[in-house]
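Source file: query-v9.cif (mmCIF, C-alpha atoms and all ligand atoms)
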```
data_model
#
loop_
_atom_site.label_atom_id
_atom_site.label_comp_id
_atom_site.auth_asym_id
_atom_site.auth_seq_id
_atom_site.Cartn_x
_atom_site.Cartn_y
_atom_site.Cartn_z
CA MET A 40 0.00 0.00 0.00
CA THR A 41 1.30 3.45 -0.95
CA THR A 42 1.35 6.35 1.48
CA PRO A 43 -1.19 9.11 0.99
CA ARG A 44 0.05 12.17 -0.88
CA ILE A 45 -1.39 15.47 -2.06
CA LEU A 46 -1.86 16.38 -5.72
CA GLU A 47 -2.28 20.06 -6.56
CA VAL A 48 -5.04 20.43 -9.16
CA ARG A 49 -6.30 24.04 -9.34
CA GLN A 50 -8.85 23.41 -12.07
CA GLY A 51 -12.28 24.95 -12.42
CA LEU A 52 -15.22 22.57 -12.65
CA LEU A 53 -16.65 24.75 -15.43
CA LYS A 54 -13.40 24.87 -17.39
CA LYS A 55 -14.80 22.86 -20.32
CA ASN A 56 -17.85 25.14 -20.64
CA ASP A 57 -15.67 28.25 -20.38
CA MET A 58 -13.40 26.98 -23.15
CA ILE A 59 -16.29 26.30 -25.54
CA ALA A 60 -17.78 29.70 -24.64
CA ALA A 61 -14.48 31.39 -25.50
CA THR A 62 -14.46 29.67 -28.91
CA LEU A 63 -18.06 30.74 -29.53
CA ARG A 64 -17.30 34.32 -28.48
CA ALA A 65 -14.49 34.47 -31.05
CA GLN A 66 -16.83 33.09 -33.75
CA TYR A 67 -19.56 35.63 -32.93
CA LYS A 68 -17.03 38.45 -33.17
CA THR A 69 -15.58 37.31 -36.47
CA ALA A 70 -19.08 37.01 -37.94
CA GLY A 71 -20.12 40.42 -36.57
CA THR A 72 -23.05 38.82 -34.73
CA PHE A 73 -24.10 40.48 -31.47
CA VAL A 74 -25.17 37.74 -29.07
CA VAL A 75 -27.61 38.27 -26.22
CA ASN A 76 -28.42 35.78 -23.44
CA LEU A 77 -31.83 36.29 -21.76
CA VAL A 78 -32.29 34.94 -18.24
CA SER A 79 -35.21 35.11 -15.78
CA SER A 80 -37.69 33.00 -13.82
CA PRO A 81 -40.22 30.97 -15.82
CA GLY A 82 -43.12 33.17 -16.96
CA THR A 83 -41.36 36.55 -16.67
CA GLY A 84 -42.14 37.21 -20.32
CA LYS A 85 -38.90 36.32 -22.13
CA THR A 86 -40.59 34.74 -25.14
CA LEU A 87 -43.12 37.51 -25.77
CA PHE A 88 -40.44 40.18 -25.24
CA LEU A 89 -38.17 38.35 -27.66
CA GLU A 90 -40.92 37.83 -30.25
CA ARG A 91 -41.57 41.59 -30.27
CA THR A 92 -37.85 42.37 -30.33
CA LEU A 93 -37.21 40.10 -33.32
CA ALA A 94 -40.10 41.62 -35.29
CA ALA A 95 -39.07 45.20 -34.50
CA LEU A 96 -35.43 44.59 -35.43
CA ARG A 97 -36.57 43.15 -38.77
CA ASP A 98 -38.68 46.27 -39.32
CA ARG A 99 -35.53 48.33 -38.78
CA GLY A 100 -33.75 46.29 -41.45
CA TYR A 101 -31.64 44.04 -39.19
CA ARG A 102 -31.29 40.27 -39.49
CA PRO A 103 -31.92 38.67 -36.07
CA ALA A 104 -32.15 34.98 -35.15
CA ALA A 105 -32.98 33.12 -31.95
CA LEU A 106 -32.24 29.97 -30.00
CA VAL A 107 -34.60 29.09 -27.21
CA GLY A 108 -33.96 26.65 -24.40
CA ASP A 109 -36.66 24.71 -22.63
CA LEU A 110 -36.86 21.49 -20.68
CA GLU A 111 -39.24 19.94 -23.25
CA THR A 112 -41.50 21.04 -26.18
CA ASP A 113 -40.80 23.38 -29.09
CA HIS A 114 -43.67 25.79 -28.30
CA ASP A 115 -41.40 28.79 -27.72
CA ALA A 116 -39.47 28.33 -30.99
CA LEU A 117 -42.78 28.22 -32.87
CA ARG A 118 -43.90 31.43 -31.14
CA LEU A 119 -40.61 33.16 -31.97
CA ALA A 120 -40.72 32.02 -35.61
CA ARG A 121 -43.95 34.01 -36.04
CA SER A 122 -41.74 37.11 -36.12
CA GLY A 123 -40.29 35.85 -39.42
CA ALA A 124 -36.81 35.41 -37.90
CA PRO A 125 -35.05 32.02 -37.93
CA ALA A 126 -35.63 30.31 -34.57
CA ARG A 127 -34.51 26.98 -33.19
CA GLN A 128 -35.46 25.11 -30.05
CA ILE A 129 -32.93 23.57 -27.67
CA ASN A 130 -34.54 20.87 -25.53
CA THR A 131 -32.41 20.29 -22.47
CA HIS A 132 -34.40 17.21 -21.33
CA GLY A 133 -34.40 18.03 -17.66
CA ILE A 134 -31.23 20.14 -17.46
CA CYS A 135 -32.16 23.44 -15.83
CA HIS A 136 -29.87 25.77 -17.83
CA LEU A 137 -28.19 26.10 -21.22
CA GLU A 138 -24.52 25.21 -21.62
CA ALA A 139 -22.12 26.47 -24.28
CA GLU A 140 -21.89 23.01 -25.81
CA MET A 141 -25.68 22.93 -26.43
CA VAL A 142 -25.51 26.32 -28.15
CA GLU A 143 -22.58 25.18 -30.28
CA ARG A 144 -24.47 22.05 -31.38
CA HIS A 145 -27.62 23.99 -32.31
CA LEU A 146 -25.74 26.52 -34.42
CA VAL A 147 -24.64 23.81 -36.87
CA GLY A 148 -25.96 24.56 -40.36
CA TRP A 149 -26.47 28.26 -39.64
CA ASN A 150 -24.07 30.81 -41.05
CA LEU A 151 -23.51 33.30 -38.23
CA ALA A 152 -22.50 36.00 -40.71
CA ASP A 153 -26.14 35.99 -41.91
CA PHE A 154 -27.23 37.35 -38.52
CA ASP A 155 -26.73 40.81 -37.04
CA PHE A 156 -28.15 39.63 -33.72
CA LEU A 157 -28.50 36.21 -32.12
CA PHE A 158 -30.74 35.96 -29.06
CA ILE A 159 -30.52 33.00 -26.73
CA GLU A 160 -33.53 32.57 -24.45
CA ASN A 161 -32.25 30.55 -21.50
CA VAL A 162 -34.26 28.04 -19.49
CA GLY A 163 -36.40 29.84 -16.90
CA ASN A 164 -34.20 29.55 -13.81
CA LEU A 165 -32.60 32.13 -11.53
CA VAL A 166 -29.93 29.87 -10.05
CA CYS A 167 -28.09 27.60 -12.46
CA THR A 168 -28.11 29.84 -15.54
CA SER A 169 -25.70 32.28 -13.89
CA SER A 170 -22.75 29.89 -13.91
CA TYR A 171 -22.73 29.03 -17.61
CA ASP A 172 -21.10 31.45 -20.01
CA LEU A 173 -22.56 31.07 -23.51
CA GLY A 174 -20.02 33.42 -25.06
CA GLU A 175 -22.61 36.21 -25.19
CA GLN A 176 -21.71 39.90 -25.41
CA LEU A 177 -24.77 40.94 -23.41
CA ARG A 178 -26.52 39.19 -20.53
CA VAL A 179 -30.05 40.46 -20.01
CA VAL A 180 -31.88 39.69 -16.78
CA LEU A 181 -35.65 40.15 -16.80
CA LEU A 182 -37.85 40.75 -13.80
CA SER A 183 -41.62 41.13 -14.11
CA VAL A 184 -43.69 43.53 -12.01
CA THR A 185 -45.72 40.50 -10.83
CA GLU A 186 -42.70 38.80 -9.20
CA GLY A 187 -42.06 41.22 -6.37
CA GLU A 188 -39.30 43.77 -5.94
CA ASP A 189 -37.09 41.60 -3.73
CA LYS A 190 -36.11 38.93 -6.30
CA PRO A 191 -32.66 40.51 -6.79
CA LEU A 192 -31.90 40.14 -3.06
CA LYS A 193 -32.98 36.49 -3.15
CA TYR A 194 -30.90 35.65 -6.22
CA PRO A 195 -27.90 38.01 -6.04
CA THR A 196 -25.60 35.62 -7.89
CA LEU A 197 -27.64 35.82 -11.08
CA PHE A 198 -28.51 39.51 -10.94
CA ASN A 199 -24.86 40.33 -10.25
CA THR A 200 -23.75 38.83 -13.58
CA ALA A 201 -26.23 40.86 -15.69
CA ASP A 202 -25.26 43.63 -18.13
CA VAL A 203 -28.74 45.14 -18.33
CA GLY A 204 -31.98 44.70 -16.37
CA ILE A 205 -35.41 44.70 -18.02
CA ILE A 206 -38.52 45.13 -15.90
CA THR A 207 -41.35 43.45 -17.84
CA LYS A 208 -45.16 43.61 -17.86
CA ALA A 209 -45.22 47.34 -17.07
CA ASP A 210 -48.92 47.35 -18.06
CA LEU A 211 -49.63 45.35 -14.88
CA ALA A 212 -47.54 47.55 -12.59
CA ALA A 213 -50.41 49.53 -11.04
CA ALA A 214 -52.54 46.42 -10.44
CA CYS A 215 -49.62 44.74 -8.64
CA GLU A 216 -48.76 47.89 -6.66
CA PHE A 217 -45.28 47.51 -8.04
CA ASP A 218 -42.76 49.95 -6.55
CA PRO A 219 -40.22 50.79 -9.28
CA ALA A 220 -37.94 52.76 -6.95
CA LEU A 221 -37.67 49.81 -4.56
CA ALA A 222 -36.98 47.40 -7.42
CA GLU A 223 -34.26 49.71 -8.68
CA ARG A 224 -32.72 50.01 -5.22
CA ASN A 225 -32.62 46.21 -4.85
CA LEU A 226 -31.20 45.66 -8.33
CA HIS A 227 -28.50 48.24 -7.72
CA ALA A 228 -27.70 46.78 -4.30
CA VAL A 229 -26.56 43.54 -5.92
CA ARG A 230 -25.30 45.01 -9.20
CA PRO A 231 -24.28 48.66 -8.86
CA GLY A 232 -24.69 50.71 -12.03
CA LEU A 233 -26.84 48.13 -13.86
CA PRO A 234 -28.67 49.94 -16.71
CA LEU A 235 -32.43 49.44 -16.28
CA LEU A 236 -35.35 49.63 -18.69
CA ILE A 237 -39.03 49.17 -17.98
CA VAL A 238 -41.13 47.69 -20.78
CA SER A 239 -44.41 46.08 -21.69
CA ALA A 240 -44.15 43.67 -24.60
CA LYS A 241 -47.94 43.69 -24.63
CA THR A 242 -48.49 47.44 -25.11
CA GLY A 243 -45.09 48.25 -26.63
CA GLN A 244 -44.20 50.67 -23.82
CA GLY A 245 -40.43 51.11 -23.51
CA MET A 246 -39.64 48.91 -26.51
CA THR A 247 -38.15 51.77 -28.57
CA SER A 248 -35.64 52.57 -25.81
CA TRP A 249 -34.73 48.90 -25.58
CA LEU A 250 -34.16 48.61 -29.35
CA ASP A 251 -32.06 51.79 -29.37
CA PHE A 252 -30.02 50.38 -26.48
CA LEU A 253 -29.44 47.10 -28.36
CA VAL A 254 -28.45 48.75 -31.62
CA ASP A 255 -26.11 51.05 -29.73
CA ARG A 256 -24.42 48.18 -27.86
CA ARG A 257 -23.94 46.25 -31.10
CA GLN A 258 -22.39 49.32 -32.70
CA GLN A 259 -19.99 49.75 -29.76
CA SER A 260 -19.01 46.09 -29.89
CA ASN A 261 -18.34 46.19 -33.65
CA THR A 262 -16.38 49.43 -33.39
CA ALA A 263 -14.20 47.97 -30.64
CA MET A 264 -13.61 44.90 -32.78
CA LEU A 265 -12.62 46.94 -35.84
CA GLU A 266 -10.21 49.00 -33.77
CA ASN A 267 -8.57 45.85 -32.42
CA ARG A 268 -8.23 44.49 -35.92
CA ARG A 269 -6.73 47.76 -37.18
CA GLU A 270 -4.29 47.83 -34.27
CA SER A 271 -3.13 44.29 -34.86
CA LEU A 272 -2.68 45.01 -38.57
CA ALA A 273 -0.67 48.13 -37.73
CA ARG A 274 1.62 46.11 -35.43
CA ARG A 275 2.57 43.67 -38.20
CA MET B 126 -30.30 22.17 -9.54
CA HIS B 127 -27.09 21.53 -11.41
CA GLU B 128 -25.11 20.15 -8.47
CA LEU B 129 -25.28 16.55 -9.72
CA SER B 130 -23.79 17.46 -13.08
CA LEU B 131 -21.09 19.46 -11.28
CA ALA B 132 -20.37 16.50 -8.99
CA ASN B 133 -20.10 14.24 -12.03
CA ARG B 134 -17.61 16.64 -13.63
CA LEU B 135 -15.65 16.71 -10.40
CA VAL B 136 -15.44 12.89 -10.34
CA GLN B 137 -14.31 12.79 -14.00
CA MET B 138 -11.59 15.37 -13.41
CA ALA B 139 -10.42 13.81 -10.14
CA GLU B 140 -10.28 10.30 -11.61
CA ALA B 141 -8.29 11.51 -14.62
CA THR B 142 -5.80 13.27 -12.32
CA ALA B 143 -5.52 10.24 -10.03
CA ILE B 144 -4.95 7.81 -12.91
CA GLU B 145 -2.32 10.07 -14.42
CA ALA B 146 -0.51 10.16 -11.07
CA GLY B 147 -0.71 6.38 -10.72
CA ALA B 148 -2.95 6.55 -7.64
CA GLN B 149 -5.40 3.79 -6.76
CA ARG B 150 -7.76 5.76 -4.62
CA VAL B 151 -8.81 9.32 -3.85
CA ILE B 152 -9.14 9.87 -0.09
CA ALA B 153 -10.12 13.53 -0.08
CA VAL B 154 -11.01 16.34 -2.46
CA THR B 155 -10.50 19.99 -1.55
CA LEU B 156 -12.86 22.27 -3.44
CA ARG B 157 -12.87 26.07 -3.42
CA VAL B 158 -16.44 27.39 -3.56
CA GLY B 159 -17.12 31.10 -3.94
CA ASP B 160 -20.15 32.74 -2.35
CA LEU B 161 -21.15 33.85 -5.87
CA SER B 162 -20.57 30.47 -7.52
CA GLY B 163 -24.27 29.66 -7.53
CA VAL B 164 -23.70 26.32 -5.81
CA ALA B 165 -25.90 25.08 -2.98
CA ILE B 166 -23.55 23.39 -0.52
CA ASP B 167 -26.03 20.85 0.86
CA ALA B 168 -27.10 19.79 -2.61
CA LEU B 169 -23.45 19.47 -3.63
CA ARG B 170 -22.62 17.24 -0.64
CA PHE B 171 -25.58 15.02 -1.42
CA ALA B 172 -24.67 14.88 -5.12
CA TYR B 173 -21.07 14.07 -4.21
CA ASP B 174 -22.06 10.86 -2.44
CA VAL B 175 -24.18 9.84 -5.43
CA ALA B 176 -21.55 10.70 -8.04
CA THR B 177 -18.60 9.06 -6.27
CA ALA B 178 -20.32 5.69 -5.70
CA GLY B 179 -18.48 2.93 -7.57
CA THR B 180 -15.55 5.18 -8.54
CA ARG B 181 -12.00 5.72 -7.23
CA LEU B 182 -13.52 8.45 -5.09
CA GLU B 183 -16.00 6.22 -3.27
CA GLY B 184 -16.01 6.97 0.46
CA SER B 185 -13.73 10.01 0.07
CA ARG B 186 -14.04 13.24 2.06
CA LEU B 187 -15.21 16.44 0.39
CA GLU B 188 -13.49 19.42 1.99
CA LEU B 189 -14.99 22.76 1.07
CA ARG B 190 -13.04 26.01 1.26
CA ARG B 191 -15.47 28.89 1.20
CA VAL B 192 -14.32 31.95 -0.74
CA GLY B 193 -15.93 35.24 0.26
CA VAL B 194 -16.83 37.95 -2.24
CA ARG B 195 -14.16 40.60 -2.78
CA VAL B 196 -14.69 43.77 -4.82
CA PHE B 197 -12.34 46.56 -5.77
CA CYS B 198 -13.31 49.85 -4.11
CA GLN B 199 -12.55 52.87 -6.30
CA PHE B 200 -12.57 55.19 -3.31
CA CYS B 201 -10.31 53.16 -1.01
CA GLN B 202 -8.26 51.97 -4.01
CA ARG B 203 -8.09 48.43 -2.72
CA GLU B 204 -9.89 45.11 -2.60
CA VAL B 205 -12.38 44.69 0.21
CA GLU B 206 -14.40 41.69 1.36
CA LEU B 207 -18.20 42.10 1.35
CA PRO B 208 -19.98 41.13 4.57
CA SER B 209 -23.08 40.19 2.55
CA VAL B 210 -23.89 39.36 -1.08
CA GLN B 211 -27.07 41.44 -0.73
CA SER B 212 -25.12 44.67 -0.72
CA PHE B 213 -22.28 45.43 -3.11
CA ARG B 214 -20.91 48.37 -1.14
CA CYS B 215 -17.51 48.85 0.42
CA PRO B 216 -17.80 47.99 4.15
CA VAL B 217 -15.28 50.75 4.92
CA CYS B 218 -16.59 53.76 2.98
CA ASN B 219 -20.01 52.59 1.65
CA THR B 220 -19.14 53.27 -2.03
CA PRO B 221 -21.01 50.90 -4.41
CA SER B 222 -18.80 48.57 -6.45
CA GLY B 223 -19.64 45.87 -8.96
CA ASP B 224 -15.99 45.16 -9.72
CA VAL B 225 -15.88 41.57 -8.45
CA ARG B 226 -12.35 40.25 -7.85
CA ALA B 227 -13.15 37.01 -5.98
CA GLY B 228 -16.17 34.93 -5.06
CA ARG B 229 -17.08 33.17 -8.33
CA GLU B 230 -14.59 30.32 -7.78
CA LEU B 231 -15.60 26.72 -8.20
CA GLU B 232 -12.40 24.75 -8.49
CA ILE B 233 -10.65 21.62 -7.32
CA GLU B 234 -7.72 22.85 -5.29
CA SER B 235 -6.11 19.52 -4.51
CA LEU B 236 -6.63 15.80 -4.10
CA GLU B 237 -5.35 13.49 -1.41
CA VAL B 238 -4.61 10.14 -3.04
CA GLU B 239 -2.94 6.84 -2.32
N1 LIG C 1 -49.84 41.70 -19.30
C1 LIG C 1 -48.71 41.25 -19.86
N2 LIG C 1 -48.50 39.94 -19.97
C2 LIG C 1 -47.35 39.51 -20.52
C3 LIG C 1 -46.36 40.42 -20.97
N3 LIG C 1 -45.31 39.69 -21.43
C4 LIG C 1 -45.63 38.40 -21.29
N4 LIG C 1 -46.87 38.27 -20.76
C5 LIG C 1 -47.59 37.03 -20.44
O1 LIG C 1 -46.89 36.29 -19.45
C6 LIG C 1 -46.96 34.90 -19.71
C7 LIG C 1 -45.55 34.31 -19.80
O2 LIG C 1 -44.89 34.89 -20.90
P1 LIG C 1 -43.70 34.16 -21.68
O3 LIG C 1 -43.23 35.10 -22.72
O4 LIG C 1 -44.10 32.80 -22.12
O5 LIG C 1 -42.63 34.03 -20.48
P2 LIG C 1 -41.25 33.19 -20.40
O6 LIG C 1 -41.56 31.92 -19.67
O7 LIG C 1 -40.32 34.05 -19.62
O8 LIG C 1 -40.77 32.94 -21.80
C8 LIG C 1 -47.76 34.75 -20.99
O9 LIG C 1 -49.10 34.47 -20.64
C9 LIG C 1 -47.62 36.10 -21.65
O10 LIG C 1 -48.70 36.40 -22.50
C10 LIG C 1 -46.62 41.82 -20.83
O11 LIG C 1 -45.81 42.69 -21.19
N5 LIG C 1 -47.81 42.18 -20.26
MG MG C 2 -40.18 31.16 -22.83
ZN ZN C 3 -14.15 51.88 0.12
#
```
For this file, write the structure as structure tokens.
Ligand SMILES: Nc1nc2c(ncn2[C@@H]2O[C@H](COP(=O)(O)OP(=O)(O)O)[C@@H](O)[C@H]2O)c(=O)[nH]1
Ligand SMILES: [Mg+2]
Ligand SMILES: [Zn+2]
Amino acid sequence: MTTPRILEVRQGLLKKNDMIAATLRAQYKTAGTFVVNLVSSPGTGKTLFLERTLAALRDRGYRPAALVGDLETDHDALRLARSGAPARQINTHGICHLEAEMVERHLVGWNLADFDFLFIENVGNLVCTSSYDLGEQLRVVLLSVTEGEDKPLKYPTLFNTADVGIITKADLAAACEFDPALAERNLHAVRPGLPLLIVSAKTGQGMTSWLDFLVDRRQQSNTAMLENRRESLARR
Amino acid sequence: MHELSLANRLVQMAEATAIEAGAQRVIAVTLRVGDLSGVAIDALRFAYDVATAGTRLEGSRLELRRVGVRVFCQFCQREVELPSVQSFRCPVCNTPSGDVRAGRELEIESLEVE
């Protein structure tokens, strides 16, 4: 029998996912596709918000596409396809979040360069989705006025990783006695400086600001990429 | 809950490391878990027993090293540890900071093998 000894490992459990996500991120950049990951609880309104976003971006002359994760069924992909944008379903069969490998597999056969935007609707879950990088440039967390203002304090890990917060179902705010100032305070407690927008996919309220925000972020990301490319060419 | 899939990954990685080092058995695993890693400790401990059954890790100890959340404070110009993940403000000067420097860790630090 050998004597016990210690092996130093220092390896992240999510290393494999992070590596695939890094590869995807490089592919998105090369193709000029701006990739957005949408996370929230089930029923917050991700699919309706996305359906309206896809249609409005097409009206503005952009080419968006969508992947949508769900435990089972392809209902959400069918709803999204009504916008006229290409949409594919990812069935996770019981897994409560999307992983980079699932995204990679479902992009096969699509040419990313055909898309200005790619939206990934994650599985409705406020815990597990936070740990899995999908290579996205923008992580959007949605919170509906019907969920209560204290969700961010209950799930700080997820809200902390967001790049923008969307408060959904604004048309129901009065009926729910929703307190926007309190929601904002809680969101900023766990993620200082988080840009916030309040929308109703149903009435269209706030959607123009959201679309302007998206287009602006894509522009910034593409400009940064072109500058990097120019710099690396200049160094040669 | 994704703790079972994390525990399965842990077993895969630990077995590969043990085999490479010519070890027969893993006695203990030391895992660094950040307060912002999104992992539920109880669920992970339960999943660990399930995932290690019938492997080189069967019966091994899982030692968890908790990693607190540290942010960089612009005002104090240094890293500070947050007393709570519900408030991303410097405990010294109360300035908000989202510049997370530690707390997302989820990594195998070391293995004790024989
Ligand atoms: N009143 C109202 N209902 C909405 C709005 N957005 C979504 N819903 C409803 O909320 C429910 C869940 O929406 P869905 O988009 O499927 O949420 P998801 O699970 O996050 O994808 C559906 O019944 C939607 O019609 C909104 O802006 N206002
Ligand atoms: Mg949906
Ligand atoms: Zn300070």
Stretch 131-147 of chain B: which residues within 7 Å, counting all atoms listed in the file, same-chain residues fewer than 3 positions away excluded, as a count of residues only? 9
Please check which protein, DNA or RNA residues sit within 9 Å of ligand ZN 3 (chain C), counting all atoms listed in the file, and write them as a compact mmCIF listing (two decimals) with C-alpha atoms, keeping the file's coordinate frame.
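So pocket17.txt came out as:
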```
# COMPACT_ATOMS: atom_id res chain seq x y z
CA PHE B 197 -12.34 46.56 -5.77
CA CYS B 198 -13.31 49.85 -4.11
CA GLN B 199 -12.55 52.87 -6.30
CA PHE B 200 -12.57 55.19 -3.31
CA CYS B 201 -10.31 53.16 -1.01
CA GLN B 202 -8.26 51.97 -4.01
CA ARG B 203 -8.09 48.43 -2.72
CA GLU B 204 -9.89 45.11 -2.60
CA VAL B 205 -12.38 44.69 0.21
CA ARG B 214 -20.91 48.37 -1.14
CA CYS B 215 -17.51 48.85 0.42
CA PRO B 216 -17.80 47.99 4.15
CA VAL B 217 -15.28 50.75 4.92
CA CYS B 218 -16.59 53.76 2.98
CA ASN B 219 -20.01 52.59 1.65
CA THR B 220 -19.14 53.27 -2.03
CA PRO B 221 -21.01 50.90 -4.41
CA SER B 222 -18.80 48.57 -6.45
```
Show me which residues are within 9 Å of ligand MG 2 (chain C) counting only C-alpha atoms and all ligand atoms, and format the list as a PDB file with C-alpha atoms, keeping the file's coordinate frame.
```pdb
ATOM      1  CA  PRO A  81     -40.220  30.970 -15.820  1.00  0.00           C
ATOM      2  CA  GLY A  82     -43.120  33.170 -16.960  1.00  0.00           C
ATOM      3  CA  THR A  83     -41.360  36.550 -16.670  1.00  0.00           C
ATOM      4  CA  GLY A  84     -42.140  37.210 -20.320  1.00  0.00           C
ATOM      5  CA  LYS A  85     -38.900  36.320 -22.130  1.00  0.00           C
ATOM      6  CA  THR A  86     -40.590  34.740 -25.140  1.00  0.00           C
ATOM      7  CA  LEU A  87     -43.120  37.510 -25.770  1.00  0.00           C
ATOM      8  CA  LEU A  89     -38.170  38.350 -27.660  1.00  0.00           C
ATOM      9  CA  VAL A 107     -34.600  29.090 -27.210  1.00  0.00           C
ATOM     10  CA  GLY A 108     -33.960  26.650 -24.400  1.00  0.00           C
ATOM     11  CA  ASP A 109     -36.660  24.710 -22.630  1.00  0.00           C
ATOM     12  CA  HIS A 114     -43.670  25.790 -28.300  1.00  0.00           C
ATOM     13  CA  ASP A 115     -41.400  28.790 -27.720  1.00  0.00           C
ATOM     14  CA  ALA A 116     -39.470  28.330 -30.990  1.00  0.00           C
ATOM     15  CA  GLU A 160     -33.530  32.570 -24.450  1.00  0.00           C
ATOM     16  CA  ASN A 161     -32.250  30.550 -21.500  1.00  0.00           C
ATOM     17  CA  VAL A 162     -34.260  28.040 -19.490  1.00  0.00           C
ATOM     18  CA  GLY A 163     -36.400  29.840 -16.900  1.00  0.00           C
TER      19      GLY A 163
END
```
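You will find atom CA of A:Val203 at 6.7 Å from atom CA of A:Arg178.
Residue nearest ligand LIG 1 (chain C) within the list A:Ala120, A:Leu151, A:Val78, A:Leu250: A:Val78 [criterion: smallest interatomic distance, all atoms listed in the file].
Of the listed residues (A:Met58, A:Leu272, A:Val184, A:Leu93), A:Val184 comes nearest to ligand LIG 1 (chain C); the distances count all atoms listed in the file.
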